[in-house]
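Accompanying notes for the structure given below.
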Protein chains: 2
Amino acid sequence: MSAMEMKGYFPMWEKLTAAQQTELSTAAYKQSFGKGQLVHSGAADCTGLFLVQSGQLRAYIVSDEGREITIYRLFERDICLFSASCIMHSIQFDISIEAEKNTEAWLIPAEVYKQIMTDSAPLANYTNEIMASRFSEVMWLVEQIMWKSFDRRLAGFLLEESALESTAKLKITHELIGKHMGTAREVVTRMLSYFQSEGMVKLSRGMVELTNKDKLGKLAER
Amino acid sequence: MSAMEMKGYFPMWEKLTAAQQTELSTAAYKQSFGKGQLVHSGAADCTGLFLVQSGQLRAYIVSDEGREITIYRLFERDICLFSASCIMHSIQFDISIEAEKNTEAWLIPAEVYKQIMTDSAPLANYTNEIMASRFSEVMWLVEQIMWKSFDRRLAGFLLEESALESTAKLKITHELIGKHMGTAREVVTRMLSYFQSEGMVKLSRGMVELTNKDKLGKLAER
């Protein structure tokens with residue numbers, strides 16, 4: 001991987017020594033994931049850091065009963081830290097990561113990254129910033145689940161999906177929405193039917209069309 | 001603060017330079033908080049890192065409507081990082097911290113800590129580990145709220161309180177339990193009455209007595 005590209009992921013690149021730069025660039029190799037493919041699963045697996053070049057990843061947790069909730073998403077130029085959770089002892093939780101779209105990523109093996117992070121204050125501090133960003137996203141999620149009713153969360157989710165996909169016609173099943181939000185499919189179906197009766201969406205097989213974004217927006221913000 | 005004491009908080013103390021050690025030790029000063037006192041509130045406030053010498057702190061978030069939920073607790077030898085959230089740009093959430101018991105703590109001003117962390121890989125990596133620990137606690141909380149029903153969470157909370165206070169007779173109001181768990185007082189009262197009818201607790205004014213810990217334990221673990 002070129003130094004130029006590396007700088008796009010690591011703004012503190014110039015503060016690494018020449019040897020560290022070479023080591024990171026040489027160790028990074030390209031991986032491709034098809035839509036729906038599992039990129040990382042749980043704590044046993046400590047592949048390394050993924051640097052997303054294109055596509056979209058979803059980080060989620062799974063309950064003992066197989067229920068899921070999306071924790072955050074990673075886009076172009078994002079760094080996926082928890083697929084290398086073994087670089088820190090204190091990471092005591094299991095996150096799964098799957099490709100939501102076809103994804104190209106650079107992989108830096110965990111042991112290489114850990115070694116350089118141990119010696120380099122700039123890289124350690126930057127890693128701190130990445131973790132703090134993810135932490136902020138999880139705290140936002142906690143506030144959502146704790147203080148927001150399901151109708152407001154669902155309205156917010158539909159608008160976010162619509163922005164991500166650049167379309168008002170979402171190809172998404174009620175089951176998948178449930179997996180993102182940590183909710184049973186039935187609960188999603190019931191709320192979507194209510195949204196339809198209020199003129200905010202139009203439902204058809206495998207599709208949710210947003211027909212009144214203003215109203216959804218007001219509900220989400222309320 | 002003595003180097004000996006500092007080592008108790010920072011296991012990587014010997015890897016700091018002599019100058020860094022002196023700077024940290026000299027900058028740290030003692031603070032006392034009475035039970036119930038607010039130690040830190042929101043993002044505006046960037047006091048510094050608290051090193052807990054004795055007592056107990058509670059970190060919590062507050063909704064716009066004033067509802068609360070406890071995020072984690074800090075005990076003797078713990079380091080409170082988010083009272084110095086300005087040391088990292090990417091910390092984009094507000095945590096409040098209050099003393100649950102009379103607490104003695106050392107305070108290291110944020111700017112002093114940040115300066116040394118910028119230069120020292122060992123301190124930056126150790127700060128990473130502290131943040132990863134808190135992150136793990138928050139992920140545990142997310143799993144609790146998402147996958148566990150309220151009766152199981154409440155049983156777990158009562159057992160934890162009982163262990164922390166070393167007594168089966170908890171001096172705690174239903175309102176305060178609600179604040180820890182992010183739930184309305186009425187919901188707590190209803191569930192505690194059910195627990196009482198099942199012989200697991202005995203309720204009296206400002207007091208919850210755990211009368212069948214085995215049964216509570218089985219409920220919490222279920």
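Starting from 1 in every chain, residues are counted up; chains themselves are A, B, ... following the order of the structure tokens, and ligands are numbered from 1 as listed.
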
Can you tell me, as a tab-separated table (two decimals) with N, CA, C and O atoms, in the first residue's frame, what residues are no more than 10 Å from range 20-22 of chain B when counting only C-alpha atoms, ignoring any on the same chain fewer than 6 positions away?
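Saved the output as selection.tsv:
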```tsv
chain	number	residue	atom	x	y	z
B	1	MET	N	2.17	13.79	45.17
B	1	MET	CA	1.84	12.36	45.27
B	1	MET	C	3.13	11.55	45.06
B	1	MET	O	3.91	11.85	44.16
B	2	SER	N	3.31	10.52	45.85
B	2	SER	CA	4.56	9.76	45.79
B	2	SER	C	4.59	8.83	44.57
B	2	SER	O	3.55	8.41	44.07
B	3	ALA	N	5.80	8.52	44.11
B	3	ALA	CA	5.97	7.62	42.97
B	3	ALA	C	5.36	6.25	43.27
B	3	ALA	O	4.76	5.61	42.41
B	6	MET	N	1.73	6.48	42.71
B	6	MET	CA	1.48	6.62	41.28
B	6	MET	C	1.52	5.26	40.58
B	6	MET	O	0.70	4.97	39.71
B	13	TRP	N	4.47	2.94	35.02
B	13	TRP	CA	5.17	4.10	35.59
B	13	TRP	C	6.66	4.15	35.26
B	13	TRP	O	7.19	5.19	34.89
B	14	GLU	N	7.33	3.00	35.37
B	14	GLU	CA	8.79	2.94	35.14
B	14	GLU	C	9.16	3.27	33.70
B	14	GLU	O	10.31	3.56	33.40
B	112	VAL	N	-1.93	18.79	31.71
B	112	VAL	CA	-0.68	18.10	32.08
B	112	VAL	C	-0.69	16.67	31.54
B	112	VAL	O	0.26	16.21	30.90
B	113	TYR	N	-1.80	15.99	31.76
B	113	TYR	CA	-1.90	14.60	31.32
B	113	TYR	C	-1.81	14.51	29.79
B	113	TYR	O	-1.09	13.66	29.25
B	115	GLN	N	-0.43	16.48	27.64
B	115	GLN	CA	0.92	16.78	27.18
B	115	GLN	C	1.82	15.53	27.27
B	115	GLN	O	2.49	15.16	26.31
B	116	ILE	N	1.76	14.87	28.41
B	116	ILE	CA	2.63	13.70	28.61
B	116	ILE	C	2.18	12.53	27.72
B	116	ILE	O	2.99	11.82	27.13
B	117	MET	N	0.86	12.37	27.61
B	117	MET	CA	0.32	11.30	26.77
B	117	MET	C	0.73	11.49	25.30
B	117	MET	O	0.97	10.51	24.58
B	119	ASP	N	3.48	12.61	24.18
B	119	ASP	CA	4.87	12.23	23.99
B	119	ASP	C	5.17	10.78	24.35
B	119	ASP	O	6.12	10.19	23.84
B	120	SER	N	4.38	10.22	25.26
B	120	SER	CA	4.74	8.92	25.83
B	120	SER	C	3.87	7.79	25.28
B	120	SER	O	2.67	7.71	25.58
```

Using only C-alpha atoms, which residues of chain A come within 9 Å of chain B, and what is the closest atom pair for each, with the distance in Å to one decimal? Give it as a Markdown table, sorted by chain and residue number.
```
| residue | atom | partner | partner_atom | distance |
| --- | --- | --- | --- | --- |
| A:Ile61 | CA | B:Glu143 | CA | 8.2 |
| A:Val62 | CA | B:Glu143 | CA | 8.8 |
| A:Ser63 | CA | B:Trp147 | CA | 6.6 |
| A:Asp64 | CA | B:Trp147 | CA | 8.7 |
| A:Glu65 | CA | B:Trp147 | CA | 8.9 |
| A:Arg67 | CA | B:Trp147 | CA | 8.1 |
| A:Ile69 | CA | B:Met146 | CA | 8.4 |
| A:Met88 | CA | B:Glu129 | CA | 6.3 |
| A:His89 | CA | B:Glu129 | CA | 7.0 |
| A:Ser90 | CA | B:Ser133 | CA | 5.0 |
| A:Ile91 | CA | B:Ala132 | CA | 5.2 |
| A:Gln92 | CA | B:Ser136 | CA | 5.4 |
| A:Phe93 | CA | B:Ser136 | CA | 5.9 |
| A:Met117 | CA | B:Ala121 | CA | 7.5 |
| A:Thr118 | CA | B:Ala121 | CA | 6.3 |
| A:Asp119 | CA | B:Ala121 | CA | 5.9 |
| A:Ser120 | CA | B:Ala121 | CA | 5.4 |
| A:Ala121 | CA | B:Ala121 | CA | 3.7 |
| A:Pro122 | CA | B:Thr118 | CA | 6.9 |
| A:Leu123 | CA | B:Ala121 | CA | 8.3 |
| A:Ala124 | CA | B:Ala124 | CA | 5.7 |
| A:Asn125 | CA | B:Ala124 | CA | 5.7 |
| A:Thr127 | CA | B:Asn128 | CA | 7.7 |
| A:Asn128 | CA | B:Asn128 | CA | 5.6 |
| A:Glu129 | CA | B:Ser90 | CA | 5.5 |
| A:Ile130 | CA | B:Ser90 | CA | 7.4 |
| A:Met131 | CA | B:Ala132 | CA | 7.8 |
| A:Ala132 | CA | B:Ile91 | CA | 5.2 |
| A:Ser133 | CA | B:Ser90 | CA | 5.0 |
| A:Arg134 | CA | B:Ser90 | CA | 8.7 |
| A:Phe135 | CA | B:Phe135 | CA | 6.4 |
| A:Ser136 | CA | B:Gln92 | CA | 5.4 |
| A:Glu137 | CA | B:Gln92 | CA | 8.4 |
| A:Val138 | CA | B:Met139 | CA | 7.9 |
| A:Met139 | CA | B:Phe93 | CA | 6.9 |
| A:Trp140 | CA | B:Phe93 | CA | 7.6 |
| A:Leu141 | CA | B:Val142 | CA | 8.5 |
| A:Val142 | CA | B:Val142 | CA | 6.6 |
| A:Glu143 | CA | B:Ser63 | CA | 7.6 |
| A:Ile145 | CA | B:Ile145 | CA | 8.1 |
| A:Met146 | CA | B:Gly182 | CA | 6.9 |
| A:Trp147 | CA | B:Ser63 | CA | 6.6 |
| A:Gly182 | CA | B:Met146 | CA | 6.9 |
| A:Thr183 | CA | B:Met146 | CA | 8.7 |
```

_Let's see if you can do this: from backbone DSSP, list all alpha helix (DSSP H) residues in range 15-62 of chain A, as number ranges by chain._
A: 18-27

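For Ile97 in chain A, the non-local neighbours within 8 Å, defined as residues at least 4 positions apart in the same chain or in other chains and counting only C-alpha atoms, are Leu38, Val39, His40, Ser41, Leu57, Arg58, Ala59, Tyr60 and Ser83 of chain A.
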
*To one decimal place, how far is CA of Leu74 in chain A from CA of Gln56 in chain A in Å?*
5.8 Å

*Give me the residues within 12 Å of Glu160 in chain A as a list in words, counting only C-alpha atoms and dropping any in the same chain fewer than 4 places off.*
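Residues meeting the cut-off are Arg73, Arg153, Leu154, Ala155, Gly156, Leu164, Glu165, Ser166, Thr167, Ala168, Leu170, His180, Leu210, Lys213, Leu216, Gly217 and Ala220 of chain A.
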
Kindly save the residues from that selection, with all heavy atoms included, as a short mmCIF file (atom, residue, chain, number, x, y, z; two decimals), in the first residue's frame.
```
data_model
loop_
_atom_site.label_atom_id
_atom_site.label_comp_id
_atom_site.auth_asym_id
_atom_site.auth_seq_id
_atom_site.Cartn_x
_atom_site.Cartn_y
_atom_site.Cartn_z
N ARG A 73 -21.67 1.61 11.91
CA ARG A 73 -21.30 1.24 10.55
C ARG A 73 -19.98 1.88 10.17
O ARG A 73 -19.60 2.90 10.73
CB ARG A 73 -22.38 1.72 9.59
CG ARG A 73 -23.54 0.76 9.58
CD ARG A 73 -24.76 1.44 9.13
NE ARG A 73 -25.70 0.47 8.60
CZ ARG A 73 -26.92 0.79 8.24
NH1 ARG A 73 -27.34 2.03 8.32
NH2 ARG A 73 -27.74 -0.14 7.77
N ARG A 153 -37.29 5.92 16.98
CA ARG A 153 -36.07 5.27 16.52
C ARG A 153 -36.25 4.73 15.10
O ARG A 153 -35.36 4.85 14.26
CB ARG A 153 -35.69 4.10 17.44
CG ARG A 153 -35.06 4.52 18.75
CD ARG A 153 -34.71 3.30 19.60
NE ARG A 153 -33.72 2.44 18.96
CZ ARG A 153 -33.66 1.13 19.08
NH1 ARG A 153 -34.56 0.48 19.82
NH2 ARG A 153 -32.72 0.44 18.48
N LEU A 154 -37.44 4.11 14.84
CA LEU A 154 -37.69 3.53 13.52
C LEU A 154 -37.73 4.62 12.45
O LEU A 154 -37.14 4.46 11.37
CB LEU A 154 -38.99 2.72 13.54
CG LEU A 154 -39.35 2.02 12.22
CD1 LEU A 154 -38.25 1.07 11.76
CD2 LEU A 154 -40.68 1.25 12.35
N ALA A 155 -38.38 5.73 12.76
CA ALA A 155 -38.41 6.85 11.80
C ALA A 155 -36.99 7.31 11.50
O ALA A 155 -36.62 7.51 10.33
CB ALA A 155 -39.25 8.00 12.37
N GLY A 156 -36.16 7.45 12.52
CA GLY A 156 -34.77 7.85 12.34
C GLY A 156 -34.00 6.84 11.50
O GLY A 156 -33.22 7.21 10.62
N LEU A 164 -28.30 6.91 3.17
CA LEU A 164 -27.17 6.04 2.80
C LEU A 164 -27.33 5.47 1.41
O LEU A 164 -26.37 5.34 0.65
CB LEU A 164 -27.04 4.88 3.78
CG LEU A 164 -26.35 5.15 5.11
CD1 LEU A 164 -26.37 3.91 5.98
CD2 LEU A 164 -24.91 5.58 4.86
N GLU A 165 -28.56 5.09 1.07
CA GLU A 165 -28.81 4.42 -0.21
C GLU A 165 -29.20 5.42 -1.30
O GLU A 165 -29.39 5.03 -2.45
CB GLU A 165 -29.91 3.37 -0.05
CG GLU A 165 -29.64 2.28 0.99
CD GLU A 165 -28.48 1.38 0.60
OE1 GLU A 165 -28.26 1.20 -0.61
OE2 GLU A 165 -27.78 0.87 1.49
N SER A 166 -29.33 6.68 -0.94
CA SER A 166 -29.74 7.74 -1.87
C SER A 166 -31.01 7.39 -2.63
O SER A 166 -31.10 7.56 -3.84
CB SER A 166 -28.62 8.04 -2.89
OG SER A 166 -27.40 8.20 -2.24
N THR A 167 -32.00 6.88 -1.92
CA THR A 167 -33.28 6.56 -2.53
C THR A 167 -34.38 6.56 -1.47
O THR A 167 -34.12 6.31 -0.29
CB THR A 167 -33.25 5.16 -3.20
OG1 THR A 167 -34.57 4.84 -3.64
CG2 THR A 167 -32.84 4.07 -2.22
N ALA A 168 -35.59 6.88 -1.91
CA ALA A 168 -36.74 6.82 -0.98
C ALA A 168 -37.35 5.42 -0.97
O ALA A 168 -38.20 5.12 -0.15
CB ALA A 168 -37.78 7.86 -1.39
N LEU A 170 -36.64 1.85 -0.20
CA LEU A 170 -35.68 0.96 0.46
C LEU A 170 -36.01 -0.49 0.19
O LEU A 170 -37.12 -0.94 0.51
CB LEU A 170 -35.69 1.21 1.97
CG LEU A 170 -35.34 2.63 2.44
CD1 LEU A 170 -35.53 2.73 3.94
CD2 LEU A 170 -33.92 2.97 2.03
N HIS A 180 -31.26 -4.81 12.64
CA HIS A 180 -30.53 -3.57 12.88
C HIS A 180 -30.90 -2.97 14.23
O HIS A 180 -30.06 -2.45 14.94
CB HIS A 180 -30.83 -2.55 11.78
CG HIS A 180 -30.05 -2.77 10.52
ND1 HIS A 180 -28.69 -2.67 10.48
CD2 HIS A 180 -30.45 -3.10 9.27
CE1 HIS A 180 -28.28 -2.92 9.24
NE2 HIS A 180 -29.33 -3.19 8.49
N LEU A 210 -40.46 5.57 1.43
CA LEU A 210 -40.71 6.73 2.29
C LEU A 210 -41.52 7.75 1.50
O LEU A 210 -41.02 8.33 0.54
CB LEU A 210 -39.38 7.33 2.75
CG LEU A 210 -38.68 6.65 3.93
CD1 LEU A 210 -38.48 5.17 3.70
CD2 LEU A 210 -37.34 7.31 4.23
N LYS A 213 -41.17 12.28 4.07
CA LYS A 213 -39.95 12.39 4.87
C LYS A 213 -40.04 13.48 5.93
O LYS A 213 -39.45 13.36 7.00
CB LYS A 213 -38.74 12.66 3.95
CG LYS A 213 -38.32 11.45 3.13
CD LYS A 213 -36.94 11.67 2.52
CE LYS A 213 -36.62 10.56 1.53
NZ LYS A 213 -35.29 10.69 0.93
N LEU A 216 -41.80 11.98 8.87
CA LEU A 216 -40.89 11.04 9.53
C LEU A 216 -39.81 11.81 10.31
O LEU A 216 -39.46 11.46 11.43
CB LEU A 216 -40.22 10.13 8.48
CG LEU A 216 -41.05 8.96 7.94
CD1 LEU A 216 -40.35 8.36 6.71
CD2 LEU A 216 -41.25 7.88 9.00
N GLY A 217 -39.31 12.87 9.69
CA GLY A 217 -38.26 13.68 10.31
C GLY A 217 -38.75 14.31 11.61
O GLY A 217 -38.04 14.32 12.61
N ALA A 220 -38.95 11.62 14.23
CA ALA A 220 -37.62 11.20 14.70
C ALA A 220 -37.02 12.23 15.65
O ALA A 220 -36.35 11.89 16.62
CB ALA A 220 -36.68 10.97 13.51
#
```

*List every residue of range 40-158 of chain B that DSSP, applied to the backbone of this structure, places in strand (DSSP E), and write the result as a ChimeraX atom specification.*
/B:40-41,48-54,57-62,68-74,79-80,96-99,103-109

_Å distance separating CA of Gly36 in chain B from CA of Glu76 in chain B, one decimal place_ = 17.1 Å

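For the pair CA of Arg152 in chain A and CA of Asp151 in chain B, the interatomic distance is 25.4 Å.
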
*Using only C-alpha atoms, determine which residues lie at most 12 Å from Lys202 in chain B, disregarding the query and same-chain residues fewer than 3 positions distant; provide the list as number ranges by chain.*
B: 168-170, 192-199, 205-213
